[in-house]
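> Contents of data.txt (compact mmCIF, C-alpha atoms and all ligand atoms) are below:
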```txt
# COMPACT_ATOMS: atom_id res chain seq x y z
CA MET A 1199 105.70 -80.70 -61.28
CA SER A 1200 102.23 -80.92 -59.77
CA LEU A 1201 99.27 -80.77 -62.12
CA SER A 1202 95.83 -79.35 -61.45
CA ARG A 1203 92.90 -81.77 -61.72
CA GLU A 1204 91.94 -80.14 -65.03
CA GLN A 1205 95.48 -80.67 -66.32
CA MET A 1206 95.41 -84.29 -65.17
CA LEU A 1207 92.14 -84.95 -66.96
CA ALA A 1208 93.60 -83.23 -70.00
CA GLU A 1209 96.62 -85.50 -69.70
CA MET A 1210 94.24 -88.46 -69.73
CA GLY A 1211 92.61 -87.04 -72.86
CA ILE A 1212 89.13 -86.60 -71.42
CA THR A 1213 88.68 -82.87 -71.18
CA PRO A 1214 87.32 -80.39 -72.14
CA ARG A 1215 84.63 -82.70 -73.58
CA TRP A 1216 83.73 -84.14 -70.17
CA VAL A 1217 83.88 -82.57 -66.77
CA LEU A 1218 83.48 -84.25 -63.43
CA ARG A 1219 80.23 -83.51 -61.68
CA GLU A 1220 80.56 -82.39 -58.06
CA THR A 1221 81.26 -85.29 -55.78
CA ALA A 1222 79.06 -86.40 -52.93
CA GLU A 1223 81.67 -85.21 -50.45
CA ALA A 1224 81.90 -81.78 -51.99
CA VAL A 1225 78.17 -81.17 -51.92
CA GLY A 1226 77.20 -83.35 -48.98
CA ALA A 1227 75.36 -86.57 -49.69
CA ALA A 1228 72.27 -85.51 -47.70
CA ASP A 1229 71.98 -82.25 -49.61
CA MET A 1230 72.24 -84.09 -52.85
CA SER A 1231 69.43 -86.51 -52.09
CA ALA A 1232 67.30 -83.66 -50.75
CA ALA A 1233 67.84 -81.86 -54.02
CA GLY A 1234 66.26 -84.86 -55.76
CA GLY A 1235 68.21 -86.71 -58.41
CA ALA A 1236 71.47 -84.96 -57.77
CA PRO A 1237 74.38 -86.33 -59.71
CA SER A 1238 75.75 -89.63 -58.57
CA ASP A 1239 79.41 -89.69 -57.80
CA GLY A 1240 80.02 -92.20 -60.54
CA GLU A 1241 78.82 -90.01 -63.35
CA VAL A 1242 80.61 -87.79 -65.74
CA SER A 1243 78.66 -85.17 -67.59
CA SER A 1244 79.22 -83.19 -70.70
CA PRO A 1245 78.95 -79.47 -71.10
CA ALA A 1246 75.79 -77.93 -72.51
CA GLY A 1247 73.72 -80.07 -74.77
CA GLU A 1248 75.48 -83.41 -74.54
CA PRO A 1249 73.78 -86.25 -72.63
CA PRO A 1250 75.42 -87.33 -69.37
CA LEU A 1251 77.45 -90.50 -69.44
CA ALA A 1252 76.29 -92.76 -66.63
CA VAL A 1253 78.58 -95.41 -65.24
CA PRO A 1254 76.64 -98.70 -65.45
CA GLU A 1255 75.29 -100.36 -62.34
CA PRO A 1256 77.75 -102.93 -61.09
CA ALA A 1257 76.92 -106.56 -61.71
CA VAL A 1258 78.49 -109.03 -59.30
CA VAL A 1259 80.32 -111.74 -61.17
CA GLN A 1260 82.07 -114.50 -59.30
CA PRO A 1261 84.25 -116.69 -61.46
CA GLY A 1262 85.77 -119.88 -60.11
CA ILE A 1263 88.51 -118.38 -57.97
CA PRO A 1264 89.47 -119.01 -54.37
CA SER A 1265 87.26 -118.16 -51.41
CA PRO A 1266 88.82 -116.10 -48.57
CA ASP A 1267 89.60 -119.32 -46.72
CA ALA A 1268 91.72 -120.45 -49.63
CA LEU A 1269 93.90 -117.35 -49.62
CA PRO A 1270 97.48 -118.53 -49.35
CA GLY A 1271 99.46 -117.90 -46.17
CA GLY A 1272 103.19 -118.30 -46.60
CA GLY A 1273 104.74 -115.84 -44.16
CA GLY A 1274 104.97 -112.08 -44.17
CA TRP A 1275 106.43 -109.39 -46.40
CA SER A 1276 110.07 -110.16 -45.70
CA GLU A 1277 109.67 -113.83 -46.61
CA LEU A 1278 107.72 -112.92 -49.72
CA ALA A 1279 110.26 -110.30 -50.82
CA ALA A 1280 113.14 -112.74 -50.29
CA GLU A 1281 111.42 -115.52 -52.24
CA VAL A 1282 110.51 -113.22 -55.13
CA ALA A 1283 114.07 -111.86 -55.29
CA ALA A 1284 115.54 -115.36 -55.39
CA CYS A 1285 112.89 -116.97 -57.62
CA ARG A 1286 114.12 -119.07 -60.55
CA ALA A 1287 110.84 -120.87 -61.22
CA CYS A 1288 110.41 -119.73 -64.82
CA PRO A 1289 112.63 -118.58 -67.70
CA LEU A 1290 111.93 -114.89 -66.99
CA CYS A 1291 114.55 -115.03 -64.25
CA GLN A 1292 117.30 -115.52 -66.82
CA GLN A 1293 117.43 -112.02 -68.27
CA ARG A 1294 116.11 -109.90 -65.43
CA GLN A 1295 118.31 -107.47 -63.55
CA GLN A 1296 116.06 -107.90 -60.53
CA ALA A 1297 112.60 -109.11 -59.65
CA VAL A 1298 110.15 -106.25 -59.01
CA LEU A 1299 107.82 -107.02 -56.13
CA GLY A 1300 105.64 -103.89 -56.04
CA VAL A 1301 105.44 -100.52 -54.38
CA GLY A 1302 103.14 -98.53 -52.14
CA ASP A 1303 101.00 -98.51 -49.07
CA ARG A 1304 100.91 -101.96 -47.49
CA GLN A 1305 97.50 -101.29 -46.01
CA PRO A 1306 95.95 -99.85 -49.13
CA GLU A 1307 92.41 -99.20 -50.20
CA TRP A 1308 93.40 -99.66 -53.85
CA LEU A 1309 95.54 -102.33 -55.47
CA PHE A 1310 96.45 -101.76 -59.12
CA VAL A 1311 97.85 -104.78 -60.94
CA GLY A 1312 99.77 -104.41 -64.20
CA GLU A 1313 101.45 -106.86 -66.52
CA GLY A 1314 105.13 -107.11 -65.71
CA PRO A 1315 108.20 -104.88 -65.39
CA GLY A 1316 109.61 -103.19 -68.47
CA ALA A 1317 113.21 -102.10 -68.99
CA GLU A 1318 113.05 -99.10 -66.67
CA GLU A 1319 111.24 -101.02 -63.97
CA ASP A 1320 113.78 -103.84 -64.25
CA ALA A 1321 116.59 -101.32 -63.80
CA ARG A 1322 115.00 -99.41 -60.92
CA GLY A 1323 113.19 -102.22 -59.12
CA GLU A 1324 109.88 -100.34 -59.03
CA PRO A 1325 106.75 -100.94 -61.11
CA PHE A 1326 105.38 -98.38 -63.55
CA VAL A 1327 108.20 -95.85 -63.60
CA GLY A 1328 108.29 -95.35 -67.41
CA GLN A 1329 105.84 -93.53 -69.70
CA ALA A 1330 102.97 -95.86 -68.82
CA GLY A 1331 103.75 -95.21 -65.17
CA LYS A 1332 103.47 -91.46 -65.66
CA LEU A 1333 100.03 -91.94 -67.13
CA LEU A 1334 99.09 -94.27 -64.27
CA ASP A 1335 100.23 -91.63 -61.76
CA ASN A 1336 98.04 -89.06 -63.50
CA MET A 1337 95.10 -91.45 -63.45
CA LEU A 1338 95.63 -91.92 -59.70
CA ALA A 1339 95.97 -88.19 -59.16
CA ALA A 1340 92.68 -87.59 -60.96
CA LEU A 1341 91.15 -89.84 -58.28
CA ASP A 1342 92.93 -87.84 -55.54
CA ILE A 1343 95.19 -90.74 -54.66
CA ALA A 1344 98.89 -91.32 -55.19
CA ARG A 1345 101.29 -94.24 -55.15
CA GLY A 1346 102.35 -94.78 -51.57
CA ASN A 1347 99.17 -93.31 -50.12
CA GLN A 1348 96.15 -95.66 -50.04
CA VAL A 1349 97.49 -97.36 -53.16
CA TYR A 1350 99.72 -100.33 -53.86
CA ILE A 1351 100.97 -101.06 -57.37
CA GLY A 1352 102.13 -104.50 -58.45
CA ASN A 1353 102.33 -106.73 -61.48
CA ALA A 1354 101.08 -110.14 -62.57
CA VAL A 1355 104.67 -111.25 -63.22
CA LYS A 1356 107.60 -109.99 -61.20
CA CYS A 1357 110.37 -110.33 -63.78
CA ARG A 1358 110.79 -108.46 -67.04
CA PRO A 1359 109.86 -110.49 -70.12
CA PRO A 1360 112.72 -110.14 -72.65
CA GLY A 1361 112.08 -107.37 -75.16
CA ASN A 1362 109.00 -106.41 -73.14
CA ARG A 1363 107.03 -109.19 -74.76
CA THR A 1364 103.71 -110.24 -73.25
CA PRO A 1365 104.18 -112.84 -70.50
CA GLU A 1366 103.17 -116.38 -71.47
CA ALA A 1367 100.25 -118.11 -69.74
CA ASP A 1368 102.57 -120.51 -67.91
CA GLU A 1369 104.74 -117.62 -66.69
CA ILE A 1370 101.65 -115.85 -65.35
CA ALA A 1371 100.54 -119.07 -63.66
CA THR A 1372 103.99 -119.70 -62.15
CA CYS A 1373 104.08 -116.19 -60.67
CA ARG A 1374 100.44 -116.28 -59.47
CA PRO A 1375 101.19 -117.63 -55.97
CA PHE A 1376 103.35 -114.55 -55.31
CA LEU A 1377 100.55 -112.25 -56.44
CA GLU A 1378 98.04 -114.16 -54.35
CA ARG A 1379 100.24 -113.90 -51.27
CA GLN A 1380 100.65 -110.20 -51.95
CA ILE A 1381 96.88 -109.75 -52.10
CA ALA A 1382 96.46 -111.76 -48.90
CA LEU A 1383 98.95 -109.49 -47.12
CA LEU A 1384 97.59 -106.26 -48.58
CA LYS A 1385 93.88 -106.98 -48.11
CA PRO A 1386 92.93 -104.09 -50.42
CA LYS A 1387 89.37 -102.80 -50.52
CA ILE A 1388 89.40 -102.90 -54.31
CA ILE A 1389 91.60 -104.39 -57.01
CA VAL A 1390 91.91 -102.68 -60.40
CA LEU A 1391 93.29 -104.93 -63.13
CA LEU A 1392 95.22 -103.05 -65.82
CA GLY A 1393 94.96 -105.08 -69.01
CA LYS A 1394 94.56 -108.68 -70.03
CA VAL A 1395 97.61 -110.14 -68.35
CA ALA A 1396 96.48 -108.79 -64.97
CA VAL A 1397 93.06 -110.31 -65.63
CA GLN A 1398 94.69 -113.66 -66.38
CA GLY A 1399 96.79 -113.34 -63.22
CA VAL A 1400 93.96 -112.58 -60.81
CA LEU A 1401 90.69 -113.74 -62.36
CA ARG A 1402 92.12 -116.53 -64.55
CA GLU A 1403 89.94 -115.23 -67.37
CA ASP A 1404 91.03 -115.02 -70.99
CA LYS A 1405 88.21 -112.90 -72.42
CA SER A 1406 88.57 -109.57 -74.21
CA LEU A 1407 89.00 -106.50 -72.05
CA ALA A 1408 86.01 -104.89 -73.71
CA SER A 1409 83.79 -107.74 -72.55
CA LEU A 1410 85.03 -107.49 -68.95
CA ARG A 1411 84.85 -103.72 -68.39
CA GLY A 1412 82.03 -102.27 -66.32
CA GLN A 1413 81.49 -105.39 -64.19
CA ARG A 1414 82.22 -106.01 -60.54
CA PHE A 1415 84.17 -109.22 -60.16
CA GLU A 1416 85.39 -110.67 -56.89
CA TYR A 1417 88.64 -112.22 -55.83
CA ALA A 1418 88.52 -113.81 -52.39
CA GLY A 1419 85.69 -111.50 -51.41
CA ILE A 1420 87.53 -108.38 -52.65
CA PRO A 1421 85.82 -106.41 -55.44
CA VAL A 1422 87.72 -106.39 -58.72
CA VAL A 1423 87.31 -104.02 -61.67
CA VAL A 1424 88.98 -104.28 -65.06
CA THR A 1425 90.33 -101.50 -67.25
CA TYR A 1426 92.84 -100.88 -70.00
CA HIS A 1427 96.58 -100.99 -69.43
CA PRO A 1428 98.17 -97.51 -69.46
CA ALA A 1429 100.62 -98.56 -72.20
CA TYR A 1430 97.64 -99.49 -74.39
CA LEU A 1431 96.05 -96.11 -73.59
CA LEU A 1432 99.18 -94.31 -74.74
CA ARG A 1433 98.70 -95.94 -78.14
CA ASN A 1434 94.90 -95.62 -78.21
CA LEU A 1435 94.14 -92.15 -76.94
CA PRO A 1436 90.34 -92.23 -77.44
CA ASP A 1437 90.09 -95.13 -74.99
CA LYS A 1438 91.40 -92.95 -72.16
CA ALA A 1439 87.84 -91.73 -71.68
CA LYS A 1440 86.71 -95.33 -71.21
CA ALA A 1441 89.47 -95.87 -68.67
CA TRP A 1442 88.26 -92.84 -66.78
CA GLU A 1443 84.73 -94.30 -66.73
CA ASP A 1444 86.23 -97.52 -65.35
CA LEU A 1445 88.05 -95.68 -62.58
CA LEU A 1446 84.90 -93.82 -61.57
CA PHE A 1447 83.07 -97.13 -61.59
CA ALA A 1448 85.81 -98.63 -59.40
CA ARG A 1449 85.49 -95.73 -56.97
CA ARG A 1450 81.76 -96.29 -56.74
CA VAL A 1451 82.33 -99.97 -56.06
CA LEU A 1452 84.90 -99.12 -53.38
CA ARG A 1453 82.62 -96.62 -51.67
CA ALA A 1454 79.62 -98.91 -51.82
CA GLY A 1455 81.75 -101.60 -50.19
CA SER A 1456 83.02 -99.36 -47.41
CA ALA A 1457 79.50 -98.13 -46.73
CA GLY A 1458 78.45 -101.79 -46.35
CA LYS A 1459 75.87 -101.34 -49.09
CA LEU A 1460 74.77 -104.09 -51.41
CA LEU A 1461 75.32 -103.13 -55.01
N1 LIG B 1501 103.86 -102.08 -67.49
C1 LIG B 1501 103.42 -102.91 -66.52
O1 LIG B 1501 102.45 -103.64 -66.72
N2 LIG B 1501 104.05 -102.93 -65.37
C2 LIG B 1501 105.08 -102.15 -65.12
O2 LIG B 1501 105.60 -102.22 -64.01
C3 LIG B 1501 105.52 -101.29 -66.13
C4 LIG B 1501 104.90 -101.27 -67.32
```
Before anything else, please render the file you have as structure tokens.
Ligand code: URA

Amino acid sequence: MSLSREQMLAEMGITPRWVLRETAEAVGAADMSAAGGAPSDGEVSSPAGEPPLAVPEPAVVQPGIPSPDALPGGGGWSELAAEVAACRACPLCQQRQQAVLGVGDRQPEWLFVGEGPGAEEDARGEPFVGQAGKLLDNMLAALDIARGNQVYIGNAVKCRPPGNRTPEADEIATCRPFLERQIALLKPKIIVLLGKVAVQGVLREDKSLASLRGQRFEYAGIPVVVTYHPAYLLRNLPDKAKAWEDLLFARRVLRAGSAGKLL
């Protein structure tokens, strides 16, 4: 079933209260600046009477993570896939049906990183195929992108934690070289971290999600933005609106990067 944009935003729980302003592409960026103060692409506005919600200006934050030169090599996709499939480096290998490498465009603009496979992902060998995955697909669709087209989806850990528990710090650290090699191969234009475990995997940060949202981090020169995990959003519906703000922010960061602009 294909959903209209309005239906997708409804699915994310952010309409009818907020509607997307026209995008720069739709109106033409030149026309918008000529009109003086036309809406920025990163804004959402409310219907009559409610103040517009502006996405904050990105702040560049560079934690102590590798420079591009330090990106790991380690062969191509086939070597990586074979090593992930055979990995027995941590206890998560014991109960998995299979390791789940990731899915999507291998020359993507966007890389979304989740936590780790759940039961359905473990059975099917693909990330985000359960309920959280449906919400993620709708979030992508609201951005006019889809898994497999400009987007790659992976996880901080490649094997299902038993009972879908949160991966331990040492499991995240053990799996990190695989994620880093994936990023080095993918060279995405932006990385979106879905939840705390993804943040630990890529940025090695252990702060609250709320304190990390709305900032532009960098990993090996690639912009990184943080938002809530879709499974969390399914349990905390009001925060879907914040996730939508984060995605708009990420799109602004991506576009600013591809235009070569300094933020
Ligand atoms: N949650 C995740 O973080 N990753 C998946 O692949 C599925 C659910």
> Check which residues of chain A sit at most 8 Å from ligand LIG 1501 (chain B) using all atoms listed in the file, and return one row each with the closest pair of atoms and their distance in Å to one decimal, ordered by chain and rising number, as JSON lines.

```
{"residue": "A:Val1298", "atom": "CA", "partner": "B:LIG1501", "partner_atom": "O2", "distance": 7.9}
{"residue": "A:Val1311", "atom": "CA", "partner": "B:LIG1501", "partner_atom": "O1", "distance": 7.5}
{"residue": "A:Gly1312", "atom": "CA", "partner": "B:LIG1501", "partner_atom": "O1", "distance": 3.8}
{"residue": "A:Glu1313", "atom": "CA", "partner": "B:LIG1501", "partner_atom": "O1", "distance": 3.4}
{"residue": "A:Gly1314", "atom": "CA", "partner": "B:LIG1501", "partner_atom": "N2", "distance": 4.3}
{"residue": "A:Pro1315", "atom": "CA", "partner": "B:LIG1501", "partner_atom": "O2", "distance": 4.0}
{"residue": "A:Gly1316", "atom": "CA", "partner": "B:LIG1501", "partner_atom": "C3", "distance": 5.1}
{"residue": "A:Glu1318", "atom": "CA", "partner": "B:LIG1501", "partner_atom": "C3", "distance": 7.9}
{"residue": "A:Glu1319", "atom": "CA", "partner": "B:LIG1501", "partner_atom": "O2", "distance": 5.8}
{"residue": "A:Glu1324", "atom": "CA", "partner": "B:LIG1501", "partner_atom": "O2", "distance": 6.8}
{"residue": "A:Pro1325", "atom": "CA", "partner": "B:LIG1501", "partner_atom": "O2", "distance": 3.4}
{"residue": "A:Phe1326", "atom": "CA", "partner": "B:LIG1501", "partner_atom": "O2", "distance": 3.9}
{"residue": "A:Val1327", "atom": "CA", "partner": "B:LIG1501", "partner_atom": "C3", "distance": 6.6}
{"residue": "A:Gly1328", "atom": "CA", "partner": "B:LIG1501", "partner_atom": "C3", "distance": 6.7}
{"residue": "A:Ala1330", "atom": "CA", "partner": "B:LIG1501", "partner_atom": "C4", "distance": 5.9}
{"residue": "A:Gly1331", "atom": "CA", "partner": "B:LIG1501", "partner_atom": "C3", "distance": 6.4}
{"residue": "A:Gly1352", "atom": "CA", "partner": "B:LIG1501", "partner_atom": "O2", "distance": 6.9}
{"residue": "A:Asn1353", "atom": "CA", "partner": "B:LIG1501", "partner_atom": "N2", "distance": 5.7}
{"residue": "A:Ala1354", "atom": "CA", "partner": "B:LIG1501", "partner_atom": "O1", "distance": 7.8}
{"residue": "A:Leu1392", "atom": "CA", "partner": "B:LIG1501", "partner_atom": "O1", "distance": 7.3}
{"residue": "A:Gly1393", "atom": "CA", "partner": "B:LIG1501", "partner_atom": "O1", "distance": 8.0}
{"residue": "A:His1427", "atom": "CA", "partner": "B:LIG1501", "partner_atom": "O1", "distance": 7.0}
{"residue": "A:Pro1428", "atom": "CA", "partner": "B:LIG1501", "partner_atom": "N1", "distance": 7.6}
{"residue": "A:Ala1429", "atom": "CA", "partner": "B:LIG1501", "partner_atom": "N1", "distance": 6.7}
```
> Excluding same-chain residues fewer than 4 positions from Lys1405 in chain A, what lies within 12 Å of it counting only C-alpha atoms, as a ChimeraX atom specification?
/A:1393-1398,1401,1409-1411,1424
> Quick one, how far is CA of Cys1285 in chain A from CA of Arg1374 in chain A?
12.6 Å
> Name the closest residue to Ile1381 in chain A among the candidates A:Trp1442, A:Tyr1430, A:Tyr1350, A:Phe1447; distances are taken between atoms, counting only C-alpha atoms.
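For Ile1381 in chain A, the nearest of the given residues is A:Tyr1350.
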> Report, in Å with one decimal, the straight-line distance from CA of Gly1323 in chain A to CA of Leu1299 in chain A.
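Spanning CA of Gly1323 in chain A to CA of Leu1299 in chain A is a straight-line distance of 7.8 Å.
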> One decimal, in Å: what's the spacing between CA of Gly1274 in chain A and CA of Gly1300 in chain A?
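Taking CA of Gly1274 in chain A as the start and CA of Gly1300 in chain A as the end point, the length is 14.4 Å.
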> Skipping near chain neighbours, those fewer than 6 positions away, what residues fall within 10 Å of Leu1445 in chain A using only C-alpha atoms, listed as a list in words?
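Within the cut-off, the hits are Gly1240, Val1253, Met1337, Leu1338, Ala1340, Leu1341, Val1390, Gly1412, Val1423, Val1424, Thr1425, Ala1439 and Val1451 of chain A.
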> With distances taken over only C-alpha atoms, which of A:Leu1333, A:Ala1208, A:Cys1291, A:Leu1446 is nearest to Arg1433 in chain A?
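Smallest separation from Arg1433 in chain A among the options: A:Leu1333.
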> Using only C-alpha atoms for the distances, tell me which of A:Ile1351, A:Glu1281, A:Cys1357, A:Pro1306 is nearest to Gln1293 in chain A.
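For Gln1293 in chain A, the nearest of the given residues is A:Cys1357.
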